[in-house]
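**Student:** Structure file upload-v5.pdb (PDB, C-alpha atoms and all ligand atoms) right here:
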ATOM      1  CA  MET A 499      86.737-138.604-178.460  1.00  0.00           C
ATOM      2  CA  LYS A 500      89.217-140.292-176.135  1.00  0.00           C
ATOM      3  CA  THR A 501      92.113-138.959-178.185  1.00  0.00           C
ATOM      4  CA  LEU A 502      90.726-135.438-178.031  1.00  0.00           C
ATOM      5  CA  THR A 503      90.380-135.703-174.242  1.00  0.00           C
ATOM      6  CA  LYS A 504      93.999-136.851-173.995  1.00  0.00           C
ATOM      7  CA  ILE A 505      95.226-133.985-176.153  1.00  0.00           C
ATOM      8  CA  PHE A 506      93.220-131.529-174.083  1.00  0.00           C
ATOM      9  CA  LEU A 507      94.618-132.920-170.808  1.00  0.00           C
ATOM     10  CA  ALA A 508      98.146-132.846-172.218  1.00  0.00           C
ATOM     11  CA  MET A 509      97.672-129.162-173.095  1.00  0.00           C
ATOM     12  CA  ILE A 510      96.460-128.277-169.602  1.00  0.00           C
ATOM     13  CA  LEU A 511      99.331-130.230-168.048  1.00  0.00           C
ATOM     14  CA  GLY A 512     101.836-128.567-170.357  1.00  0.00           C
ATOM     15  CA  VAL A 513     100.630-125.104-169.389  1.00  0.00           C
ATOM     16  CA  SER A 514     100.714-125.803-165.658  1.00  0.00           C
ATOM     17  CA  LEU A 515     104.190-127.350-165.858  1.00  0.00           C
ATOM     18  CA  ALA A 516     105.463-124.259-167.631  1.00  0.00           C
ATOM     19  CA  HIS A 517     104.532-122.197-164.578  1.00  0.00           C
ATOM     20  CA  ALA A 518     105.852-124.428-161.827  1.00  0.00           C
ATOM     21  CA  ALA A 519     109.257-125.904-161.081  1.00  0.00           C
ATOM     22  CA  ALA A 520     109.535-129.490-162.282  1.00  0.00           C
ATOM     23  CA  TYR A 521     111.231-130.389-159.033  1.00  0.00           C
ATOM     24  CA  SER A 522     110.993-128.836-155.612  1.00  0.00           C
ATOM     25  CA  LYS A 523     111.924-129.872-152.126  1.00  0.00           C
ATOM     26  CA  ASP A 524     112.203-128.261-148.706  1.00  0.00           C
ATOM     27  CA  ALA A 525     114.700-129.142-146.019  1.00  0.00           C
ATOM     28  CA  LYS A 526     115.838-127.615-142.765  1.00  0.00           C
ATOM     29  CA  PHE A 527     118.335-127.886-139.977  1.00  0.00           C
ATOM     30  CA  ARG A 528     117.467-126.028-136.776  1.00  0.00           C
ATOM     31  CA  THR A 529     116.635-122.456-137.892  1.00  0.00           C
ATOM     32  CA  THR A 530     118.093-122.782-141.400  1.00  0.00           C
ATOM     33  CA  GLN A 531     115.546-123.574-144.115  1.00  0.00           C
ATOM     34  CA  VAL A 532     116.297-124.364-147.740  1.00  0.00           C
ATOM     35  CA  HIS A 533     113.903-124.511-150.672  1.00  0.00           C
ATOM     36  CA  ILE A 534     115.372-126.441-153.596  1.00  0.00           C
ATOM     37  CA  THR A 535     113.975-126.226-157.120  1.00  0.00           C
ATOM     38  CA  ALA A 536     114.956-127.437-160.576  1.00  0.00           C
ATOM     39  CA  ASP A 537     113.444-126.432-163.918  1.00  0.00           C
ATOM     40  CA  LYS A 538     113.619-130.004-165.177  1.00  0.00           C
ATOM     41  CA  PRO A 539     112.826-133.320-163.498  1.00  0.00           C
ATOM     42  CA  LEU A 540     115.892-134.897-161.886  1.00  0.00           C
ATOM     43  CA  THR A 541     117.873-136.972-164.341  1.00  0.00           C
ATOM     44  CA  THR A 542     121.105-138.914-164.720  1.00  0.00           C
ATOM     45  CA  GLY A 543     123.927-136.455-165.455  1.00  0.00           C
ATOM     46  CA  SER A 544     123.802-132.704-165.107  1.00  0.00           C
ATOM     47  CA  ASN A 545     121.099-131.147-162.877  1.00  0.00           C
ATOM     48  CA  THR A 546     120.818-127.431-162.147  1.00  0.00           C
ATOM     49  CA  PHE A 547     119.318-126.375-158.829  1.00  0.00           C
ATOM     50  CA  VAL A 548     118.177-123.017-157.539  1.00  0.00           C
ATOM     51  CA  ILE A 549     118.140-122.862-153.760  1.00  0.00           C
ATOM     52  CA  THR A 550     116.586-120.260-151.502  1.00  0.00           C
ATOM     53  CA  ILE A 551     118.113-120.091-148.041  1.00  0.00           C
ATOM     54  CA  LYS A 552     116.483-118.591-144.968  1.00  0.00           C
ATOM     55  CA  LYS A 553     117.445-118.371-141.342  1.00  0.00           C
ATOM     56  CA  ASN A 554     114.653-117.695-138.852  1.00  0.00           C
ATOM     57  CA  GLY A 555     112.472-116.814-141.852  1.00  0.00           C
ATOM     58  CA  THR A 556     114.858-114.159-143.225  1.00  0.00           C
ATOM     59  CA  VAL A 557     116.756-114.737-146.476  1.00  0.00           C
ATOM     60  CA  ILE A 558     120.523-115.182-146.260  1.00  0.00           C
ATOM     61  CA  HIS A 559     121.809-113.199-149.228  1.00  0.00           C
ATOM     62  CA  ASP A 560     125.523-113.013-148.516  1.00  0.00           C
ATOM     63  CA  ALA A 561     126.619-116.599-147.876  1.00  0.00           C
ATOM     64  CA  LYS A 562     129.098-118.874-149.562  1.00  0.00           C
ATOM     65  CA  VAL A 563     127.124-121.972-150.475  1.00  0.00           C
ATOM     66  CA  ALA A 564     128.421-125.353-151.575  1.00  0.00           C
ATOM     67  CA  LEU A 565     126.507-128.487-152.512  1.00  0.00           C
ATOM     68  CA  LYS A 566     127.689-132.029-152.177  1.00  0.00           C
ATOM     69  CA  ALA A 567     125.736-135.003-153.490  1.00  0.00           C
ATOM     70  CA  PHE A 568     126.987-138.475-152.741  1.00  0.00           C
ATOM     71  CA  MET A 569     125.981-142.089-152.873  1.00  0.00           C
ATOM     72  CA  PRO A 570     127.803-144.640-150.721  1.00  0.00           C
ATOM     73  CA  ALA A 571     129.385-147.675-152.357  1.00  0.00           C
ATOM     74  CA  MET A 572     126.951-150.462-153.115  1.00  0.00           C
ATOM     75  CA  PRO A 573     127.611-154.036-154.307  1.00  0.00           C
ATOM     76  CA  GLY A 574     129.053-153.681-157.795  1.00  0.00           C
ATOM     77  CA  MET A 575     129.168-149.886-157.617  1.00  0.00           C
ATOM     78  CA  PRO A 576     131.864-147.598-156.195  1.00  0.00           C
ATOM     79  CA  ALA A 577     131.000-144.598-154.022  1.00  0.00           C
ATOM     80  CA  MET A 578     130.063-141.563-156.098  1.00  0.00           C
ATOM     81  CA  SER A 579     130.098-137.897-155.246  1.00  0.00           C
ATOM     82  CA  SER A 580     129.767-134.488-156.825  1.00  0.00           C
ATOM     83  CA  LYS A 581     130.617-131.210-155.081  1.00  0.00           C
ATOM     84  CA  VAL A 582     130.249-127.658-156.375  1.00  0.00           C
ATOM     85  CA  ASN A 583     130.221-124.082-155.152  1.00  0.00           C
ATOM     86  CA  ALA A 584     126.937-122.323-155.832  1.00  0.00           C
ATOM     87  CA  THR A 585     126.639-118.965-157.592  1.00  0.00           C
ATOM     88  CA  ASN A 586     124.915-116.207-155.624  1.00  0.00           C
ATOM     89  CA  LEU A 587     121.901-114.939-157.620  1.00  0.00           C
ATOM     90  CA  GLY A 588     120.906-112.390-154.963  1.00  0.00           C
ATOM     91  CA  ASN A 589     117.842-112.201-152.702  1.00  0.00           C
ATOM     92  CA  GLY A 590     118.838-115.365-150.871  1.00  0.00           C
ATOM     93  CA  THR A 591     118.926-117.562-153.980  1.00  0.00           C
ATOM     94  CA  TYR A 592     121.879-119.632-155.120  1.00  0.00           C
ATOM     95  CA  LYS A 593     122.391-121.704-158.237  1.00  0.00           C
ATOM     96  CA  ALA A 594     124.487-124.822-158.707  1.00  0.00           C
ATOM     97  CA  THR A 595     124.815-127.684-161.164  1.00  0.00           C
ATOM     98  CA  LEU A 596     125.532-131.174-159.865  1.00  0.00           C
ATOM     99  CA  ASN A 597     126.453-134.238-161.848  1.00  0.00           C
ATOM    100  CA  LEU A 598     124.385-137.195-160.622  1.00  0.00           C
ATOM    101  CA  ALA A 599     125.954-140.195-162.309  1.00  0.00           C
ATOM    102  CA  MET A 600     123.117-142.660-161.732  1.00  0.00           C
ATOM    103  CA  SER A 601     119.484-142.792-160.686  1.00  0.00           C
ATOM    104  CA  GLY A 602     118.645-143.748-157.103  1.00  0.00           C
ATOM    105  CA  THR A 603     118.885-142.011-153.749  1.00  0.00           C
ATOM    106  CA  TRP A 604     121.580-139.368-153.354  1.00  0.00           C
ATOM    107  CA  GLN A 605     122.487-137.755-150.062  1.00  0.00           C
ATOM    108  CA  LEU A 606     122.630-133.981-150.472  1.00  0.00           C
ATOM    109  CA  HIS A 607     124.524-131.719-148.083  1.00  0.00           C
ATOM    110  CA  ILE A 608     124.214-127.968-148.409  1.00  0.00           C
ATOM    111  CA  PHE A 609     127.056-126.075-146.731  1.00  0.00           C
ATOM    112  CA  ILE A 610     126.210-122.468-145.845  1.00  0.00           C
ATOM    113  CA  THR A 611     128.909-120.043-144.730  1.00  0.00           C
ATOM    114  CA  PRO A 612     127.502-116.587-143.982  1.00  0.00           C
ATOM    115  CA  THR A 613     129.811-113.539-143.827  1.00  0.00           C
ATOM    116  CA  LYS A 614     128.879-113.270-140.150  1.00  0.00           C
ATOM    117  CA  GLY A 615     127.665-115.934-137.788  1.00  0.00           C
ATOM    118  CA  LYS A 616     127.853-119.676-137.692  1.00  0.00           C
ATOM    119  CA  ARG A 617     128.229-121.993-140.612  1.00  0.00           C
ATOM    120  CA  SER A 618     125.472-124.515-141.090  1.00  0.00           C
ATOM    121  CA  ARG A 619     124.842-127.679-143.021  1.00  0.00           C
ATOM    122  CA  VAL A 620     121.446-128.836-144.213  1.00  0.00           C
ATOM    123  CA  LYS A 621     121.074-132.482-145.169  1.00  0.00           C
ATOM    124  CA  THR A 622     118.445-133.956-147.417  1.00  0.00           C
ATOM    125  CA  THR A 623     118.130-136.513-150.217  1.00  0.00           C
ATOM    126  CA  LEU A 624     117.513-136.455-153.948  1.00  0.00           C
ATOM    127  CA  ASN A 625     115.549-139.386-155.412  1.00  0.00           C
ATOM    128  CA  PHE A 626     114.957-140.173-159.045  1.00  0.00           C
TER
HETATM  129 CU    CU A 701     124.529-146.157-156.696  1.00  0.00          CU
END
Is it possible to give me this structure as structure tokens?
**Tutor:**
Amino acid sequence: MKTLTKIFLAMILGVSLAHAAAYSKDAKFRTTQVHITADKPLTTGSNTFVITIKKNGTVIHDAKVALKAFMPAMPGMPAMSSKVNATNLGNGTYKATLNLAMSGTWQLHIFITPTKGKRSRVKTTLNF
């Protein structure tokens, strides 16, 4: 009976996970809002993010976007960083893959350069 309940719960969980991003986070700086998602839970190594960018509630669909993740040096560990240019998927969404060499807290900076107007930088963290 207990085993059956577990299997049933696992099935429900599996179905709901299939319909939602495994990872999601929101961050903002002034009027610039970013919504970050990943299909898989954050892990050591390669992580692919899809980011939606809005300014004053309107999507920014024509920006150059770069992501930088870094971790300062710690005792016994050198500073680590990973920087990439994101691919524009259209409709205000951008995709980028970062290499996160170890688990812990990473600082994430998202650099947004629109074709017109000011550049902006949104800062947040990634924890896993
Ligand atoms: Cu570290």
**Student:** Could you expand the PyMOL selection byres (((chain A and resi 567) around 8) and not hetatm) into the explicit residues it covers here, written as a PyMOL selection string?
**Tutor:** chain A and resi 565-566+568-569+579-581+596+598+604-607
**Student:** List every protein, DNA or RNA residue that has at least one atom no more than 6 Å from (115.6, -119.4, -148.9) in the file's coordinates, counting only C-alpha atoms, and write the result as a short mmCIF file (atom, residue, chain, number, x, y, z; two decimals) with C-alpha atoms, keeping the file's coordinate frame.
**Tutor:**
data_model
loop_
_atom_site.label_atom_id
_atom_site.label_comp_id
_atom_site.auth_asym_id
_atom_site.auth_seq_id
_atom_site.Cartn_x
_atom_site.Cartn_y
_atom_site.Cartn_z
CA VAL A 532 116.30 -124.36 -147.74
CA HIS A 533 113.90 -124.51 -150.67
CA THR A 550 116.59 -120.26 -151.50
CA ILE A 551 118.11 -120.09 -148.04
CA LYS A 552 116.48 -118.59 -144.97
CA VAL A 557 116.76 -114.74 -146.48
CA GLY A 590 118.84 -115.36 -150.87
#
**Student:** Hey, could you make a per-residue contact list for chain A against ligand CU 701 (chain A) with 10 Å as the cut-off, showing the nearest pair of atoms and its distance in Å to one decimal, counting only C-alpha atoms and all ligand atoms, sorted by chain and number, as a Markdown table?
**Tutor:**
| residue | atom | partner | partner_atom | distance |
| --- | --- | --- | --- | --- |
| A:Phe568 | CA | A:CU701 | CU | 9.0 |
| A:Met569 | CA | A:CU701 | CU | 5.8 |
| A:Pro570 | CA | A:CU701 | CU | 7.0 |
| A:Ala571 | CA | A:CU701 | CU | 6.7 |
| A:Met572 | CA | A:CU701 | CU | 6.1 |
| A:Pro573 | CA | A:CU701 | CU | 8.8 |
| A:Gly574 | CA | A:CU701 | CU | 8.8 |
| A:Met575 | CA | A:CU701 | CU | 6.0 |
| A:Pro576 | CA | A:CU701 | CU | 7.5 |
| A:Ala577 | CA | A:CU701 | CU | 7.2 |
| A:Met578 | CA | A:CU701 | CU | 7.2 |
| A:Leu598 | CA | A:CU701 | CU | 9.8 |
| A:Ala599 | CA | A:CU701 | CU | 8.3 |
| A:Met600 | CA | A:CU701 | CU | 6.3 |
| A:Ser601 | CA | A:CU701 | CU | 7.3 |
| A:Gly602 | CA | A:CU701 | CU | 6.4 |
| A:Thr603 | CA | A:CU701 | CU | 7.6 |
| A:Trp604 | CA | A:CU701 | CU | 8.1 |
**Student:** If you count all atoms listed in the file, which residues fall within 9 Å of Val548 of chain A, apart from same-chain ones fewer than 4 positions away, as a list of chain:residue names?
**Tutor:**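 Using all atoms listed in the file, the neighbours found are A:His533, A:Ile534, A:Thr535, A:Ala536, A:Asp537, A:Ala584, A:Leu587, A:Thr591, A:Tyr592, A:Lys593, A:Ala594, A:Thr595.
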**Student:** Quick one: which residues end up in the PyMOL selection byres (((chain A and resi 619) around 6) and not hetatm) for this structure, as a PyMOL selection string?
**Tutor:** chain A and resi 608-609+618+620
**Student:** Hey, which of A:Ile549, A:Gln531, A:Thr585, A:Thr503 ends up closest to Ala519 of chain A? Count only C-alpha atoms.
**Tutor:**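 Closest residue, counting only C-alpha atoms: A:Ile549.
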**Student:** Mind pulling up the distance from atom CA of Thr546 of chain A to atom CA of Asn597 of chain A?
**Tutor:**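 Computed distance, atom CA of Asn597 of chain A to atom CA of Thr546 of chain A, equals 8.8 Å.
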**Student:** Between atom CA of Ile610 of chain A and atom CA of Gly588 of chain A, what is the spacing in Å?
**Tutor:** 14.6 Å
**Student:** What gap, in Å, lies between atom CA of Ile558 of chain A and atom CA of Tyr521 of chain A?
**Tutor:**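 Atom CA of Ile558 of chain A sits 21.9 Å away from atom CA of Tyr521 of chain A.
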**Student:** Looking at only C-alpha atoms, which of A:Thr501, A:Ala518, A:Arg528, A:Leu540 is the one that sits closest to Asn625 of chain A?
**Tutor:**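 Closest to Asn625 of chain A of all the choices is A:Leu540.
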**Student:** Using only C-alpha atoms, which of A:Lys526, A:Arg617, A:Lys500, A:Lys538 sits nearest Ala561 of chain A?
**Tutor:** A:Arg617
